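*Asks:* This is the structure I have questions about; it appears just below.
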Amino acid sequence: FEADELEAIADALLKRDDLVLAKSAIKYGYTMYPDNEDFEILDIHYHVLDNRSDSAEQLAKSFIDRHPDNVEVRLVLASILSDRGNHRDALDLLEQARELDPESEHAITSLSMEYQVLGQHRKAIDLYREILDRNPEDEFALNELVFVYEVANEITEAIRFLTDFTDQYPFNQQAWFHLANTCNINNEPMKAIDAYDYALAIDPAFTPAMFGKGHSYMFAGDHLKAIDCFRETAESEGFKAASYLSLGEAYSQMNNYGVAAEYYQKSIEADSTYN
């Protein structure tokens, strides 16, 4: 085998979590190509996946000492430290990784998450927005950005950002969905309904948008339209219990307690753990 072939085999085995064969492939690679640093990196990944974080940390630190310009191993070591709650040291490593490779989306995303954990919301927001400037289709970054806005209670800024974002990318269903949810939080149910409708126009089978739209109608006091939405979502797997509960709430708010009780019972029957 050529070195790159062995690397590809070992990497594929690690990705499918076949650690026994991966270990053998990495060991064979070491034997055949003792000066090839890629097998050292694969060995570090192997130790992480094998839940041997102490040895993975030592291997990573040793590797960085000998290869100070390597970004990948810094990211691995930062992940190990972050998992242990050592976020400050993880942050330092991630900053170093980003300095070495300013284009690394992995480094920027990991930095955002560390700032988020440390409660430095503004830095996390700025980095998630930077990621979306580079890749507007990054759903993880979009989801986390909206979450951080909510945690930081920056709802108005979130709506402003999502409004601009949907103007730029009108076929981004997730962005419309987030805009609708955020408008609900901001007590703007009619704006939320418009945004849900855009999400549903992109994918009429997007049940979460129909469910959210039902709650927007509830907030707006239009219980009959809310009931229509919840009856539709009740047909979808995974939404039955929540839909029946929401139907019960809608009928209860209309003082139709008998029907409300029937739907509450249906909710329990659909999922006894749901409340």
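Convention: chains lettered A, B, ... in structure tokens order; per-chain residue numbering from 1; ligands numbered from 1 as shown.
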At a cut-off of 12 Å, using only C-alpha atoms, what residues contact A:Gln174? Leave out same-chain residues fewer than 3 positions from it and give the result as a PDB file with all heavy atoms, in the first residue's frame.

*Replies:*
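Resulting contents of result03.pdb:
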```pdb
ATOM      1  N   PRO A 136     -23.992  30.664   3.724  1.00  0.00           N
ATOM      2  CA  PRO A 136     -25.369  30.915   4.171  1.00  0.00           C
ATOM      3  C   PRO A 136     -26.186  29.644   4.374  1.00  0.00           C
ATOM      4  O   PRO A 136     -27.246  29.691   4.998  1.00  0.00           O
ATOM      5  CB  PRO A 136     -25.965  31.752   3.021  1.00  0.00           C
ATOM      6  CG  PRO A 136     -24.796  32.259   2.252  1.00  0.00           C
ATOM      7  CD  PRO A 136     -23.704  31.263   2.406  1.00  0.00           C
ATOM      8  N   GLU A 137     -25.699  28.505   3.851  1.00  0.00           N
ATOM      9  CA  GLU A 137     -26.431  27.249   3.987  1.00  0.00           C
ATOM     10  C   GLU A 137     -26.060  26.484   5.253  1.00  0.00           C
ATOM     11  O   GLU A 137     -26.547  25.370   5.467  1.00  0.00           O
ATOM     12  CB  GLU A 137     -26.151  26.360   2.760  1.00  0.00           C
ATOM     13  CG  GLU A 137     -26.607  26.965   1.448  1.00  0.00           C
ATOM     14  CD  GLU A 137     -28.096  27.245   1.422  1.00  0.00           C
ATOM     15  OE1 GLU A 137     -28.870  26.365   1.863  1.00  0.00           O
ATOM     16  OE2 GLU A 137     -28.495  28.337   0.970  1.00  0.00           O
ATOM     17  N   ASP A 138     -25.213  27.052   6.098  1.00  0.00           N
ATOM     18  CA  ASP A 138     -24.777  26.362   7.309  1.00  0.00           C
ATOM     19  C   ASP A 138     -25.895  26.418   8.352  1.00  0.00           C
ATOM     20  O   ASP A 138     -26.022  27.389   9.102  1.00  0.00           O
ATOM     21  CB  ASP A 138     -23.496  27.002   7.854  1.00  0.00           C
ATOM     22  CG  ASP A 138     -22.837  26.176   8.949  1.00  0.00           C
ATOM     23  OD1 ASP A 138     -23.563  25.548   9.739  1.00  0.00           O
ATOM     24  OD2 ASP A 138     -21.598  26.165   9.017  1.00  0.00           O
ATOM     25  N   GLU A 139     -26.697  25.354   8.406  1.00  0.00           N
ATOM     26  CA  GLU A 139     -27.851  25.340   9.312  1.00  0.00           C
ATOM     27  C   GLU A 139     -27.431  25.313  10.780  1.00  0.00           C
ATOM     28  O   GLU A 139     -28.105  25.894  11.635  1.00  0.00           O
ATOM     29  CB  GLU A 139     -28.758  24.141   9.006  1.00  0.00           C
ATOM     30  CG  GLU A 139     -29.615  24.323   7.781  1.00  0.00           C
ATOM     31  CD  GLU A 139     -30.745  23.328   7.709  1.00  0.00           C
ATOM     32  OE1 GLU A 139     -30.997  22.603   8.706  1.00  0.00           O
ATOM     33  OE2 GLU A 139     -31.395  23.265   6.656  1.00  0.00           O
ATOM     34  N   PHE A 140     -26.323  24.625  11.064  1.00  0.00           N
ATOM     35  CA  PHE A 140     -25.870  24.578  12.451  1.00  0.00           C
ATOM     36  C   PHE A 140     -25.560  25.990  12.953  1.00  0.00           C
ATOM     37  O   PHE A 140     -25.988  26.373  14.040  1.00  0.00           O
ATOM     38  CB  PHE A 140     -24.629  23.688  12.584  1.00  0.00           C
ATOM     39  CG  PHE A 140     -24.048  23.671  13.970  1.00  0.00           C
ATOM     40  CD1 PHE A 140     -24.584  22.848  14.945  1.00  0.00           C
ATOM     41  CD2 PHE A 140     -22.982  24.496  14.314  1.00  0.00           C
ATOM     42  CE1 PHE A 140     -24.071  22.836  16.244  1.00  0.00           C
ATOM     43  CE2 PHE A 140     -22.458  24.503  15.602  1.00  0.00           C
ATOM     44  CZ  PHE A 140     -23.002  23.671  16.567  1.00  0.00           C
ATOM     45  N   ALA A 141     -24.816  26.751  12.156  1.00  0.00           N
ATOM     46  CA  ALA A 141     -24.458  28.115  12.563  1.00  0.00           C
ATOM     47  C   ALA A 141     -25.707  28.973  12.719  1.00  0.00           C
ATOM     48  O   ALA A 141     -25.805  29.769  13.663  1.00  0.00           O
ATOM     49  CB  ALA A 141     -23.502  28.736  11.541  1.00  0.00           C
ATOM     50  N   LEU A 142     -26.661  28.823  11.808  1.00  0.00           N
ATOM     51  CA  LEU A 142     -27.901  29.608  11.892  1.00  0.00           C
ATOM     52  C   LEU A 142     -28.686  29.245  13.149  1.00  0.00           C
ATOM     53  O   LEU A 142     -29.153  30.135  13.884  1.00  0.00           O
ATOM     54  CB  LEU A 142     -28.753  29.368  10.650  1.00  0.00           C
ATOM     55  CG  LEU A 142     -30.074  30.134  10.572  1.00  0.00           C
ATOM     56  CD1 LEU A 142     -29.839  31.636  10.568  1.00  0.00           C
ATOM     57  CD2 LEU A 142     -30.862  29.716   9.332  1.00  0.00           C
ATOM     58  N   ASN A 143     -28.815  27.946  13.418  1.00  0.00           N
ATOM     59  CA  ASN A 143     -29.551  27.514  14.609  1.00  0.00           C
ATOM     60  C   ASN A 143     -28.893  28.025  15.886  1.00  0.00           C
ATOM     61  O   ASN A 143     -29.577  28.514  16.799  1.00  0.00           O
ATOM     62  CB  ASN A 143     -29.622  25.985  14.650  1.00  0.00           C
ATOM     63  CG  ASN A 143     -30.457  25.408  13.521  1.00  0.00           C
ATOM     64  OD1 ASN A 143     -31.262  26.101  12.906  1.00  0.00           O
ATOM     65  ND2 ASN A 143     -30.268  24.126  13.247  1.00  0.00           N
ATOM     66  N   VAL A 146     -29.307  31.919  16.374  1.00  0.00           N
ATOM     67  CA  VAL A 146     -30.627  32.293  16.896  1.00  0.00           C
ATOM     68  C   VAL A 146     -30.738  31.925  18.376  1.00  0.00           C
ATOM     69  O   VAL A 146     -31.269  32.700  19.181  1.00  0.00           O
ATOM     70  CB  VAL A 146     -31.744  31.615  16.076  1.00  0.00           C
ATOM     71  CG1 VAL A 146     -33.112  31.882  16.701  1.00  0.00           C
ATOM     72  CG2 VAL A 146     -31.712  32.116  14.637  1.00  0.00           C
ATOM     73  N   LEU A 162     -32.511  38.280  10.909  1.00  0.00           N
ATOM     74  CA  LEU A 162     -33.226  37.266  10.140  1.00  0.00           C
ATOM     75  C   LEU A 162     -34.042  37.884   9.006  1.00  0.00           C
ATOM     76  O   LEU A 162     -34.189  37.281   7.936  1.00  0.00           O
ATOM     77  CB  LEU A 162     -34.134  36.454  11.069  1.00  0.00           C
ATOM     78  CG  LEU A 162     -33.388  35.505  12.014  1.00  0.00           C
ATOM     79  CD1 LEU A 162     -34.312  35.036  13.134  1.00  0.00           C
ATOM     80  CD2 LEU A 162     -32.822  34.315  11.250  1.00  0.00           C
ATOM     81  N   PHE A 165     -31.522  38.560   6.422  1.00  0.00           N
ATOM     82  CA  PHE A 165     -31.030  37.284   5.895  1.00  0.00           C
ATOM     83  C   PHE A 165     -32.039  36.675   4.917  1.00  0.00           C
ATOM     84  O   PHE A 165     -31.665  36.177   3.846  1.00  0.00           O
ATOM     85  CB  PHE A 165     -30.764  36.321   7.056  1.00  0.00           C
ATOM     86  CG  PHE A 165     -29.980  35.102   6.677  1.00  0.00           C
ATOM     87  CD1 PHE A 165     -28.595  35.144   6.571  1.00  0.00           C
ATOM     88  CD2 PHE A 165     -30.618  33.893   6.444  1.00  0.00           C
ATOM     89  CE1 PHE A 165     -27.868  34.024   6.228  1.00  0.00           C
ATOM     90  CE2 PHE A 165     -29.903  32.754   6.102  1.00  0.00           C
ATOM     91  CZ  PHE A 165     -28.519  32.825   5.992  1.00  0.00           C
ATOM     92  N   THR A 166     -33.323  36.710   5.260  1.00  0.00           N
ATOM     93  CA  THR A 166     -34.337  36.159   4.360  1.00  0.00           C
ATOM     94  C   THR A 166     -34.518  37.035   3.126  1.00  0.00           C
ATOM     95  O   THR A 166     -34.916  36.533   2.073  1.00  0.00           O
ATOM     96  CB  THR A 166     -35.688  35.978   5.089  1.00  0.00           C
ATOM     97  OG1 THR A 166     -36.039  37.192   5.764  1.00  0.00           O
ATOM     98  CG2 THR A 166     -35.617  34.836   6.093  1.00  0.00           C
ATOM     99  N   TYR A 169     -31.607  35.686   1.131  1.00  0.00           N
ATOM    100  CA  TYR A 169     -31.719  34.264   0.802  1.00  0.00           C
ATOM    101  C   TYR A 169     -33.168  33.813   1.003  1.00  0.00           C
ATOM    102  O   TYR A 169     -33.495  33.129   1.972  1.00  0.00           O
ATOM    103  CB  TYR A 169     -30.766  33.433   1.675  1.00  0.00           C
ATOM    104  CG  TYR A 169     -29.349  33.943   1.627  1.00  0.00           C
ATOM    105  CD1 TYR A 169     -28.825  34.697   2.687  1.00  0.00           C
ATOM    106  CD2 TYR A 169     -28.539  33.719   0.517  1.00  0.00           C
ATOM    107  CE1 TYR A 169     -27.533  35.184   2.641  1.00  0.00           C
ATOM    108  CE2 TYR A 169     -27.240  34.207   0.456  1.00  0.00           C
ATOM    109  CZ  TYR A 169     -26.748  34.944   1.523  1.00  0.00           C
ATOM    110  OH  TYR A 169     -25.471  35.428   1.467  1.00  0.00           O
ATOM    111  N   PRO A 170     -34.051  34.211   0.087  1.00  0.00           N
ATOM    112  CA  PRO A 170     -35.494  33.991   0.283  1.00  0.00           C
ATOM    113  C   PRO A 170     -35.928  32.530   0.235  1.00  0.00           C
ATOM    114  O   PRO A 170     -37.070  32.230   0.596  1.00  0.00           O
ATOM    115  CB  PRO A 170     -36.121  34.788  -0.864  1.00  0.00           C
ATOM    116  CG  PRO A 170     -35.046  34.898  -1.897  1.00  0.00           C
ATOM    117  CD  PRO A 170     -33.764  34.969  -1.143  1.00  0.00           C
ATOM    118  N   PHE A 171     -35.048  31.624  -0.188  1.00  0.00           N
ATOM    119  CA  PHE A 171     -35.425  30.214  -0.237  1.00  0.00           C
ATOM    120  C   PHE A 171     -34.835  29.427   0.929  1.00  0.00           C
ATOM    121  O   PHE A 171     -34.831  28.194   0.914  1.00  0.00           O
ATOM    122  CB  PHE A 171     -35.004  29.590  -1.569  1.00  0.00           C
ATOM    123  CG  PHE A 171     -35.732  30.194  -2.745  1.00  0.00           C
ATOM    124  CD1 PHE A 171     -35.097  31.113  -3.573  1.00  0.00           C
ATOM    125  CD2 PHE A 171     -37.057  29.873  -2.997  1.00  0.00           C
ATOM    126  CE1 PHE A 171     -35.767  31.688  -4.634  1.00  0.00           C
ATOM    127  CE2 PHE A 171     -37.737  30.440  -4.061  1.00  0.00           C
ATOM    128  CZ  PHE A 171     -37.100  31.358  -4.883  1.00  0.00           C
ATOM    129  N   PHE A 177     -38.338  30.011   9.244  1.00  0.00           N
ATOM    130  CA  PHE A 177     -38.871  29.362  10.440  1.00  0.00           C
ATOM    131  C   PHE A 177     -38.358  30.048  11.707  1.00  0.00           C
ATOM    132  O   PHE A 177     -39.127  30.332  12.641  1.00  0.00           O
ATOM    133  CB  PHE A 177     -38.474  27.881  10.421  1.00  0.00           C
ATOM    134  CG  PHE A 177     -38.997  27.086  11.585  1.00  0.00           C
ATOM    135  CD1 PHE A 177     -40.359  26.930  11.787  1.00  0.00           C
ATOM    136  CD2 PHE A 177     -38.121  26.493  12.483  1.00  0.00           C
ATOM    137  CE1 PHE A 177     -40.840  26.194  12.862  1.00  0.00           C
ATOM    138  CE2 PHE A 177     -38.583  25.752  13.550  1.00  0.00           C
ATOM    139  CZ  PHE A 177     -39.953  25.602  13.744  1.00  0.00           C
ATOM    140  N   HIS A 178     -37.058  30.346  11.734  1.00  0.00           N
ATOM    141  CA  HIS A 178     -36.497  31.042  12.891  1.00  0.00           C
ATOM    142  C   HIS A 178     -37.076  32.447  13.028  1.00  0.00           C
ATOM    143  O   HIS A 178     -37.335  32.905  14.147  1.00  0.00           O
ATOM    144  CB  HIS A 178     -34.978  31.125  12.766  1.00  0.00           C
ATOM    145  CG  HIS A 178     -34.272  29.865  13.141  1.00  0.00           C
ATOM    146  ND1 HIS A 178     -34.457  29.236  14.352  1.00  0.00           N
ATOM    147  CD2 HIS A 178     -33.356  29.105  12.466  1.00  0.00           C
ATOM    148  CE1 HIS A 178     -33.703  28.157  14.413  1.00  0.00           C
ATOM    149  NE2 HIS A 178     -33.030  28.047  13.290  1.00  0.00           N
ATOM    150  N   LEU A 179     -37.264  33.125  11.899  1.00  0.00           N
ATOM    151  CA  LEU A 179     -37.841  34.466  11.956  1.00  0.00           C
ATOM    152  C   LEU A 179     -39.243  34.405  12.556  1.00  0.00           C
ATOM    153  O   LEU A 179     -39.610  35.235  13.407  1.00  0.00           O
ATOM    154  CB  LEU A 179     -37.885  35.081  10.550  1.00  0.00           C
ATOM    155  CG  LEU A 179     -38.551  36.454  10.444  1.00  0.00           C
ATOM    156  CD1 LEU A 179     -37.874  37.478  11.343  1.00  0.00           C
ATOM    157  CD2 LEU A 179     -38.531  36.934   8.978  1.00  0.00           C
ATOM    158  N   ALA A 180     -40.020  33.423  12.131  1.00  0.00           N
ATOM    159  CA  ALA A 180     -41.378  33.276  12.660  1.00  0.00           C
ATOM    160  C   ALA A 180     -41.359  33.019  14.164  1.00  0.00           C
ATOM    161  O   ALA A 180     -42.087  33.665  14.933  1.00  0.00           O
ATOM    162  CB  ALA A 180     -42.088  32.135  11.935  1.00  0.00           C
ATOM    163  N   ASN A 181     -40.517  32.082  14.593  1.00  0.00           N
ATOM    164  CA  ASN A 181     -40.440  31.770  16.023  1.00  0.00           C
ATOM    165  C   ASN A 181     -40.022  32.984  16.843  1.00  0.00           C
ATOM    166  O   ASN A 181     -40.546  33.230  17.941  1.00  0.00           O
ATOM    167  CB  ASN A 181     -39.436  30.638  16.262  1.00  0.00           C
ATOM    168  CG  ASN A 181     -39.916  29.306  15.707  1.00  0.00           C
ATOM    169  OD1 ASN A 181     -41.107  29.104  15.500  1.00  0.00           O
ATOM    170  ND2 ASN A 181     -38.986  28.395  15.474  1.00  0.00           N
ATOM    171  N   ALA A 195     -44.166  34.732   8.154  1.00  0.00           N
ATOM    172  CA  ALA A 195     -42.898  34.023   8.007  1.00  0.00           C
ATOM    173  C   ALA A 195     -43.116  32.517   7.930  1.00  0.00           C
ATOM    174  O   ALA A 195     -42.470  31.820   7.135  1.00  0.00           O
ATOM    175  CB  ALA A 195     -41.960  34.379   9.154  1.00  0.00           C
ATOM    176  N   TYR A 196     -44.033  31.995   8.754  1.00  0.00           N
ATOM    177  CA  TYR A 196     -44.353  30.559   8.664  1.00  0.00           C
ATOM    178  C   TYR A 196     -44.891  30.220   7.274  1.00  0.00           C
ATOM    179  O   TYR A 196     -44.584  29.154   6.723  1.00  0.00           O
ATOM    180  CB  TYR A 196     -45.386  30.172   9.723  1.00  0.00           C
ATOM    181  CG  TYR A 196     -44.847  30.061  11.127  1.00  0.00           C
ATOM    182  CD1 TYR A 196     -45.479  30.713  12.192  1.00  0.00           C
ATOM    183  CD2 TYR A 196     -43.719  29.281  11.416  1.00  0.00           C
ATOM    184  CE1 TYR A 196     -44.999  30.602  13.494  1.00  0.00           C
ATOM    185  CE2 TYR A 196     -43.241  29.169  12.716  1.00  0.00           C
ATOM    186  CZ  TYR A 196     -43.882  29.839  13.742  1.00  0.00           C
ATOM    187  OH  TYR A 196     -43.412  29.727  15.026  1.00  0.00           O
ATOM    188  N   TYR A 198     -44.118  31.613   4.460  1.00  0.00           N
ATOM    189  CA  TYR A 198     -43.000  31.525   3.523  1.00  0.00           C
ATOM    190  C   TYR A 198     -42.289  30.178   3.670  1.00  0.00           C
ATOM    191  O   TYR A 198     -41.921  29.541   2.669  1.00  0.00           O
ATOM    192  CB  TYR A 198     -42.013  32.665   3.751  1.00  0.00           C
ATOM    193  CG  TYR A 198     -42.409  33.955   3.070  1.00  0.00           C
ATOM    194  CD1 TYR A 198     -42.865  35.056   3.804  1.00  0.00           C
ATOM    195  CD2 TYR A 198     -42.326  34.085   1.683  1.00  0.00           C
ATOM    196  CE1 TYR A 198     -43.232  36.239   3.187  1.00  0.00           C
ATOM    197  CE2 TYR A 198     -42.693  35.267   1.050  1.00  0.00           C
ATOM    198  CZ  TYR A 198     -43.144  36.339   1.813  1.00  0.00           C
ATOM    199  OH  TYR A 198     -43.508  37.508   1.178  1.00  0.00           O
ATOM    200  N   ALA A 199     -42.089  29.739   4.921  1.00  0.00           N
ATOM    201  CA  ALA A 199     -41.444  28.437   5.141  1.00  0.00           C
ATOM    202  C   ALA A 199     -42.285  27.312   4.544  1.00  0.00           C
ATOM    203  O   ALA A 199     -41.748  26.379   3.925  1.00  0.00           O
ATOM    204  CB  ALA A 199     -41.232  28.204   6.638  1.00  0.00           C
ATOM    205  N   LEU A 200     -43.609  27.417   4.688  1.00  0.00           N
ATOM    206  CA  LEU A 200     -44.506  26.401   4.149  1.00  0.00           C
ATOM    207  C   LEU A 200     -44.603  26.471   2.631  1.00  0.00           C
ATOM    208  O   LEU A 200     -44.838  25.453   1.968  1.00  0.00           O
ATOM    209  CB  LEU A 200     -45.891  26.542   4.779  1.00  0.00           C
ATOM    210  CG  LEU A 200     -45.967  26.115   6.253  1.00  0.00           C
ATOM    211  CD1 LEU A 200     -47.238  26.647   6.905  1.00  0.00           C
ATOM    212  CD2 LEU A 200     -45.908  24.594   6.365  1.00  0.00           C
ATOM    213  N   ILE A 202     -42.092  27.031   0.747  1.00  0.00           N
ATOM    214  CA  ILE A 202     -40.897  26.315   0.303  1.00  0.00           C
ATOM    215  C   ILE A 202     -41.099  24.815   0.459  1.00  0.00           C
ATOM    216  O   ILE A 202     -40.714  24.029  -0.409  1.00  0.00           O
ATOM    217  CB  ILE A 202     -39.664  26.797   1.094  1.00  0.00           C
ATOM    218  CG1 ILE A 202     -39.399  28.278   0.787  1.00  0.00           C
ATOM    219  CG2 ILE A 202     -38.424  25.956   0.760  1.00  0.00           C
ATOM    220  CD1 ILE A 202     -38.408  28.928   1.743  1.00  0.00           C
ATOM    221  N   ASP A 203     -41.723  24.401   1.567  1.00  0.00           N
ATOM    222  CA  ASP A 203     -42.000  22.981   1.815  1.00  0.00           C
ATOM    223  C   ASP A 203     -43.337  22.851   2.535  1.00  0.00           C
ATOM    224  O   ASP A 203     -43.410  22.997   3.752  1.00  0.00           O
ATOM    225  CB  ASP A 203     -40.882  22.347   2.647  1.00  0.00           C
ATOM    226  CG  ASP A 203     -41.144  20.873   2.933  1.00  0.00           C
ATOM    227  OD1 ASP A 203     -42.112  20.324   2.376  1.00  0.00           O
ATOM    228  OD2 ASP A 203     -40.377  20.275   3.704  1.00  0.00           O
ATOM    229  N   PHE A 206     -43.675  20.840   5.821  1.00  0.00           N
ATOM    230  CA  PHE A 206     -42.830  21.189   6.969  1.00  0.00           C
ATOM    231  C   PHE A 206     -43.719  21.383   8.195  1.00  0.00           C
ATOM    232  O   PHE A 206     -44.155  22.486   8.505  1.00  0.00           O
ATOM    233  CB  PHE A 206     -42.030  22.441   6.645  1.00  0.00           C
ATOM    234  CG  PHE A 206     -40.999  22.815   7.686  1.00  0.00           C
ATOM    235  CD1 PHE A 206     -40.215  21.851   8.294  1.00  0.00           C
ATOM    236  CD2 PHE A 206     -40.805  24.136   8.045  1.00  0.00           C
ATOM    237  CE1 PHE A 206     -39.267  22.191   9.240  1.00  0.00           C
ATOM    238  CE2 PHE A 206     -39.847  24.497   8.985  1.00  0.00           C
ATOM    239  CZ  PHE A 206     -39.085  23.506   9.590  1.00  0.00           C
ATOM    240  N   PRO A 208     -43.307  21.451  11.518  1.00  0.00           N
ATOM    241  CA  PRO A 208     -43.028  22.417  12.598  1.00  0.00           C
ATOM    242  C   PRO A 208     -43.532  23.824  12.286  1.00  0.00           C
ATOM    243  O   PRO A 208     -43.956  24.544  13.203  1.00  0.00           O
ATOM    244  CB  PRO A 208     -41.497  22.380  12.705  1.00  0.00           C
ATOM    245  CG  PRO A 208     -41.127  21.009  12.244  1.00  0.00           C
ATOM    246  CD  PRO A 208     -42.080  20.702  11.136  1.00  0.00           C
ATOM    247  N   ALA A 209     -43.490  24.217  11.008  1.00  0.00           N
ATOM    248  CA  ALA A 209     -43.975  25.551  10.651  1.00  0.00           C
ATOM    249  C   ALA A 209     -45.492  25.642  10.811  1.00  0.00           C
ATOM    250  O   ALA A 209     -46.020  26.650  11.306  1.00  0.00           O
ATOM    251  CB  ALA A 209     -43.564  25.901   9.226  1.00  0.00           C
TER     252      ALA A 209
END
```

*Asks:* At a cut-off of 7 Å, using only C-alpha atoms, what residues contact stretch 20-36 of chain A? Leave out same-chain residues fewer than 3 positions from it and give the result as a list in words.

*Replies:*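 Skipping anything fewer than 3 positions along the chain leaves Ala3, Leu6, Ala10, Leu13, Leu14, Phe39, Leu42 and Asp43 of chain A.
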
*Asks:* If we count only C-alpha atoms, what is near A:Glu57 at a cut-off of 10 Å, once residues fewer than 2 positions away on the same chain are taken out, given as a list in words?

*Replies:* Ile44, His47, Val48, Arg52, Ser53, Asp54, Ser55, Leu59, Ala60, Lys61, Ser62, Phe63, Val73, Val76, Leu77, Ala78, Ser79, Ile80 and Leu81 of chain A

*Asks:* Stretch 147-152 of chain A: which residues within 12 Å, counting only C-alpha atoms, same-chain residues fewer than 2 positions away excluded, as a PyMOL selection string?

*Replies:* chain A and resi 112-113+115-129+140-145+154-162+178-179+181-183+185-186

*Asks:* The selected residues should be written to file as a short mmCIF file (atom, residue, chain, number, x, y, z; two decimals), in the first residue's frame (atoms: N, CA and C atoms).

*Replies:*
```
data_model
loop_
_atom_site.label_atom_id
_atom_site.label_comp_id
_atom_site.auth_asym_id
_atom_site.auth_seq_id
_atom_site.Cartn_x
_atom_site.Cartn_y
_atom_site.Cartn_z
N SER A 112 -16.84 29.80 18.33
CA SER A 112 -18.19 30.30 18.63
C SER A 112 -18.81 29.53 19.78
N MET A 113 -18.67 28.21 19.73
CA MET A 113 -19.27 27.37 20.75
C MET A 113 -18.62 27.58 22.12
N TYR A 115 -17.13 30.39 23.17
CA TYR A 115 -17.59 31.69 23.68
C TYR A 115 -19.03 31.58 24.19
N GLN A 116 -19.82 30.77 23.51
CA GLN A 116 -21.20 30.56 23.93
C GLN A 116 -21.25 29.93 25.32
N VAL A 117 -20.43 28.89 25.54
CA VAL A 117 -20.39 28.22 26.83
C VAL A 117 -19.93 29.17 27.93
N LEU A 118 -18.99 30.06 27.60
CA LEU A 118 -18.44 30.99 28.58
C LEU A 118 -19.35 32.20 28.80
N GLY A 119 -20.46 32.24 28.09
CA GLY A 119 -21.40 33.35 28.27
C GLY A 119 -20.99 34.64 27.59
N GLN A 120 -20.01 34.55 26.69
CA GLN A 120 -19.57 35.73 25.93
C GLN A 120 -20.38 35.78 24.63
N HIS A 121 -21.63 36.17 24.79
CA HIS A 121 -22.60 36.04 23.72
C HIS A 121 -22.28 36.90 22.51
N ARG A 122 -21.80 38.11 22.73
CA ARG A 122 -21.52 39.00 21.61
C ARG A 122 -20.45 38.42 20.70
N LYS A 123 -19.40 37.85 21.30
CA LYS A 123 -18.34 37.25 20.49
C LYS A 123 -18.88 36.04 19.73
N ALA A 124 -19.72 35.24 20.39
CA ALA A 124 -20.30 34.07 19.73
C ALA A 124 -21.18 34.51 18.57
N ILE A 125 -22.00 35.54 18.78
CA ILE A 125 -22.88 36.05 17.73
C ILE A 125 -22.07 36.52 16.53
N ASP A 126 -21.03 37.30 16.78
CA ASP A 126 -20.22 37.83 15.68
C ASP A 126 -19.59 36.71 14.87
N LEU A 127 -19.13 35.66 15.55
CA LEU A 127 -18.49 34.55 14.84
C LEU A 127 -19.50 33.73 14.05
N TYR A 128 -20.66 33.46 14.62
CA TYR A 128 -21.69 32.73 13.87
C TYR A 128 -22.12 33.52 12.64
N ARG A 129 -22.20 34.82 12.77
CA ARG A 129 -22.56 35.64 11.61
C ARG A 129 -21.46 35.60 10.56
N PHE A 140 -26.32 24.63 11.06
CA PHE A 140 -25.87 24.58 12.45
C PHE A 140 -25.56 25.99 12.95
N ALA A 141 -24.82 26.75 12.16
CA ALA A 141 -24.46 28.11 12.56
C ALA A 141 -25.71 28.97 12.72
N LEU A 142 -26.66 28.82 11.81
CA LEU A 142 -27.90 29.61 11.89
C LEU A 142 -28.69 29.24 13.15
N ASN A 143 -28.81 27.95 13.42
CA ASN A 143 -29.55 27.51 14.61
C ASN A 143 -28.89 28.02 15.89
N GLU A 144 -27.57 27.91 15.94
CA GLU A 144 -26.86 28.34 17.15
C GLU A 144 -26.91 29.86 17.30
N LEU A 145 -26.82 30.58 16.19
CA LEU A 145 -26.90 32.04 16.25
C LEU A 145 -28.22 32.49 16.85
N GLU A 154 -31.50 39.24 22.96
CA GLU A 154 -31.33 40.20 21.87
C GLU A 154 -32.35 39.89 20.78
N ILE A 155 -33.63 39.90 21.14
CA ILE A 155 -34.68 39.46 20.23
C ILE A 155 -34.86 40.44 19.06
N THR A 156 -34.80 41.72 19.37
CA THR A 156 -34.97 42.72 18.30
C THR A 156 -33.86 42.61 17.28
N GLU A 157 -32.63 42.44 17.74
CA GLU A 157 -31.50 42.30 16.81
C GLU A 157 -31.64 41.00 16.01
N ALA A 158 -32.13 39.94 16.66
CA ALA A 158 -32.33 38.67 15.97
C ALA A 158 -33.33 38.84 14.83
N ILE A 159 -34.43 39.53 15.10
CA ILE A 159 -35.44 39.76 14.05
C ILE A 159 -34.86 40.59 12.91
N ARG A 160 -34.07 41.59 13.27
CA ARG A 160 -33.45 42.44 12.25
C ARG A 160 -32.50 41.61 11.37
N PHE A 161 -31.70 40.79 12.03
CA PHE A 161 -30.77 39.95 11.27
C PHE A 161 -31.52 38.98 10.36
N LEU A 162 -32.51 38.28 10.91
CA LEU A 162 -33.23 37.27 10.14
C LEU A 162 -34.04 37.88 9.01
N HIS A 178 -37.06 30.35 11.73
CA HIS A 178 -36.50 31.04 12.89
C HIS A 178 -37.08 32.45 13.03
N LEU A 179 -37.26 33.12 11.90
CA LEU A 179 -37.84 34.47 11.96
C LEU A 179 -39.24 34.41 12.56
N ASN A 181 -40.52 32.08 14.59
CA ASN A 181 -40.44 31.77 16.02
C ASN A 181 -40.02 32.98 16.84
N THR A 182 -39.08 33.74 16.30
CA THR A 182 -38.58 34.91 17.02
C THR A 182 -39.64 36.00 17.08
N CYS A 183 -40.42 36.14 16.03
CA CYS A 183 -41.53 37.10 16.07
C CYS A 183 -42.56 36.70 17.11
N ILE A 185 -41.88 35.14 19.90
CA ILE A 185 -41.27 35.53 21.18
C ILE A 185 -41.45 37.01 21.43
N ASN A 186 -41.39 37.80 20.34
CA ASN A 186 -41.50 39.25 20.44
C ASN A 186 -42.95 39.73 20.42
#
```

*Asks:* From stretch 70-247 of chain A, collect each residue whose DSSP state is helix (DSSP H, G or I) and return the set as a VMD selection string.

*Replies:* chain A and resid 72 to 83 87 to 100 105 to 117 121 to 134 139 to 151 155 to 168 173 to 185 189 to 202 207 to 220 223 to 233 240 to 247

*Asks:* List as number ranges by chain the protein and nucleic acid residues near stretch 227-244 of chain A, meaning an atom at most 9 Å away when only C-alpha atoms are counted, but skip any in the same chain fewer than 3 places from it.

*Replies:* A: 207-208, 210-215, 217-218, 222-224, 247-251, 262-272, 274-275
